[in-house]
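Asker: Okay, handing you the structure first.
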Amino acid sequence: MNSCARCDSFSRHIRAIRVHNEFGDSDSVELQTRILQYRAGLFDPLTKLPTLPVVIDRVRQMLDERGNLHVLLVRIEHEQNLERIVGWERYDAVLRSVASHLSGLLEAVAESANLLCQENVRGDIFLVILADHFEAGRLHDTLIEGIKITNDNGEDELVAVRVGQGVIKMRPALRVERTIYNGILDARQDFHRRGEALDQARLDEVRHILRDGSIRTLFQPIVRLPWRKILGFEALSRGPEGSYLETADNLFGFTERAGMLGEIETLCVERALTNAKKLPEGSILFLNLSMLGLEYIESEEPGLTGKFKEAGRSPTECVLEITERTYAESADRLRERVAELRKNGFRIAIDDMGTGYSALHVLAELQPEFIKLDKMLVRDLPDEPIKRNLVSAITRFARDSQSVVIAEGVETEDEVEVLTELGVELQQGYFFGFPEPVEKLKNTNVLTFKREPAKSF
């Protein structure tokens, strides 16, 4: 069924339901069910925005009134790669914020005809259609500067988006619907042209980072409760300050898409090891590595173990953090790598437990020394019984399997107290310290930590 037919059918069902409800017909329940099914296929349940088929009659009306319309195609930078990195739940939250921001921008130009929709249900492409040429240009220039949203920590965060621009021109010889689709196609082609130029510029930036070694390493403490003593530090890598590649999501998302993730992660490990020499003696270093990064490092001499030896640091002082996504993509190979790394003294942590990626079967098969609870599971923990039950269950599982739970994203005293009551002794987050360069770290008291007598750290 084409777009117009679906909308016409949608309207007929609405009218039918009204008629049947008027006369109390028992078939109205079935019709109401059908209308809900139609709605689910035409309105995005996440953003509540209509899809293109729903608004196409309105676009046709605007075109009749104005003659020409301007369309912007908007999409978040490195879309699918970002979703794979942060998980679909966080990506959904970003999409919802972007939709809200776009709606707010259009309200500011309410005096001119405009509308906002999504290309598809559960998609991540937004279409903005405006009647005014100058407003379209102004909005385009505003969007390419990025969209400011509030992240999980309540902080402002700039989300990079790409924008393509097209024109819907009234052509009496063409069917109106195809005229509209051609204008959107123009915007899509412009989107890709601009994207190629932008990618090239960022690829050059990555090459400069690799040439100059300009990766910054920040360290965030991991603390043992109730003594509030520091066990170790997680090394967090950032690109050059003020650049697009400064944030971890942008840095690793773009380089993965560009096929340069291995080189960047190798540099991140080298910079982390260099800076870790200034950490207090005996502190444990937590490092994030993707399967791609791990394979790349191991394919080059001297390998990961060799790099640690060259830096004067023992693998026994390091915990490698991996996500379930990494496991899902390369399960057999990752199991082999983990076994090899353990022989050399490394320990393993499963990161982001509690997101859409993490699964209990991964814990059972990899038997990690550490399980890191994602900050989304920690957020508002004192007020959410279901989250508390889940954390309690994970803690019991960890205790039975001789793993240790670390809670990430801890920000309040209440969260600290509830986590401690639930048996989570290792905690990390802004409450204890922000990520800082090693020179700025404070309160670097280190605790020598040992788990159950069966195995020691």
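If you're wondering about the labels, chains in the structure tokens are A, B, ... by order shown, residues count from 1 in each chain, ligands from 1 in order shown.
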Run DSSP on the backbone and tell me which residues of stretch 254-389 of chain A come out as strand (DSSP E or B); list them as an MDAnalysis selection string.

Answerer: chainID A and resid 284:288 318:323 347:353 370:373

Asker: From a DSSP pass on the backbone, collect the residues of stretch 39-111 of chain A flagged as alpha helix (DSSP H) and hand them back as a PyMOL selection string.

Answerer: chain A and resi 39-42+52-66+79-86+88-107

Asker: For A:Gln118, work out the shell of residues within 7 Å, counting only C-alpha atoms and skipping chain neighbours fewer than 2 positions away, then give it as a short mmCIF file (atom, residue, chain, number, x, y, z; two decimals) with N, CA and C atoms, in the first residue's frame.

Answerer:
```cif
data_model
loop_
_atom_site.label_atom_id
_atom_site.label_comp_id
_atom_site.auth_asym_id
_atom_site.auth_seq_id
_atom_site.Cartn_x
_atom_site.Cartn_y
_atom_site.Cartn_z
N LEU A 49 6.60 11.67 16.83
CA LEU A 49 6.50 12.40 15.58
C LEU A 49 5.81 11.57 14.51
N PRO A 50 5.09 12.21 13.58
CA PRO A 50 4.51 11.47 12.46
C PRO A 50 5.59 11.10 11.46
N THR A 51 5.32 10.09 10.65
CA THR A 51 6.21 9.77 9.54
C THR A 51 5.72 10.50 8.29
N LEU A 52 6.51 10.43 7.25
CA LEU A 52 6.19 11.18 6.03
C LEU A 52 4.81 10.87 5.46
N ASN A 120 10.87 7.23 8.81
CA ASN A 120 10.29 5.93 9.11
C ASN A 120 10.09 5.77 10.61
N ILE A 125 16.21 9.32 10.91
CA ILE A 125 16.29 10.41 9.95
C ILE A 125 15.09 11.33 10.15
N PHE A 126 15.39 12.62 10.37
CA PHE A 126 14.35 13.62 10.56
C PHE A 126 14.24 14.47 9.30
N LEU A 127 13.02 14.83 8.94
CA LEU A 127 12.77 15.71 7.81
C LEU A 127 12.12 16.99 8.31
#
```

Asker: Within 12 Å of A:Gln428, counting only C-alpha atoms, which residues show up once you throw out same-chain ones fewer than 3 positions away? Write them as an MDAnalysis selection string, please.

Answerer: chainID A and resid 219:225 228:234 286 372:375 378 405:412 415:416 419 424:425 431:435

Asker: Those residues you just picked out, can you put them in a file as a compact mmCIF listing (two decimals), in the first residue's frame with C-alpha atoms?

Answerer:
```txt
# COMPACT_ATOMS: atom_id res chain seq x y z
CA PHE A 219 42.02 9.04 35.11
CA GLN A 220 38.98 8.45 37.30
CA PRO A 221 39.35 6.75 40.70
CA ILE A 222 37.64 3.49 41.65
CA VAL A 223 36.95 3.50 45.38
CA ARG A 224 36.32 0.78 47.96
CA LEU A 225 33.57 1.38 50.49
CA ARG A 228 36.61 5.21 50.69
CA LYS A 229 40.11 4.13 49.75
CA ILE A 230 41.21 4.13 46.12
CA LEU A 231 41.76 0.72 44.54
CA GLY A 232 42.84 1.98 41.13
CA PHE A 233 41.98 4.21 38.18
CA GLU A 234 40.17 3.85 34.89
CA PHE A 286 41.57 -0.26 34.18
CA LYS A 372 30.89 -3.07 36.05
CA LEU A 373 27.32 -1.84 36.51
CA ASP A 374 26.33 0.72 33.91
CA LYS A 375 25.45 4.20 35.18
CA VAL A 378 22.80 3.20 39.12
CA VAL A 405 30.99 -5.72 41.22
CA ILE A 406 31.94 -2.12 40.44
CA ALA A 407 29.19 0.52 40.16
CA GLU A 408 29.83 3.26 37.59
CA GLY A 409 28.23 6.70 37.44
CA VAL A 410 27.79 7.16 41.20
CA GLU A 411 26.90 10.78 41.88
CA THR A 412 25.03 11.11 45.18
CA GLU A 415 23.42 6.12 45.72
CA VAL A 416 26.60 5.37 47.65
CA LEU A 419 24.91 0.42 46.71
CA VAL A 424 28.62 -3.19 46.04
CA GLU A 425 31.86 -2.20 47.70
CA PHE A 431 30.79 11.70 43.63
CA PHE A 432 34.34 10.45 44.22
CA GLY A 433 36.17 12.36 41.51
CA PHE A 434 35.96 13.68 37.97
CA PRO A 435 38.22 12.29 35.23
```

Asker: Using only C-alpha atoms, which protein or nucleic acid residues come within 10 Å of A:Thr179? Drop anything in the same chain fewer than 2 positions from it, and give the result as a list in words.

Answerer: Arg60, Leu63, Val167, Ile168, Lys169, Met170, Arg171, Pro172, Ala173, Leu174, Arg175, Val176, Glu177, Tyr181, Asn182, Gly183, Ile184 and Leu185 of chain A
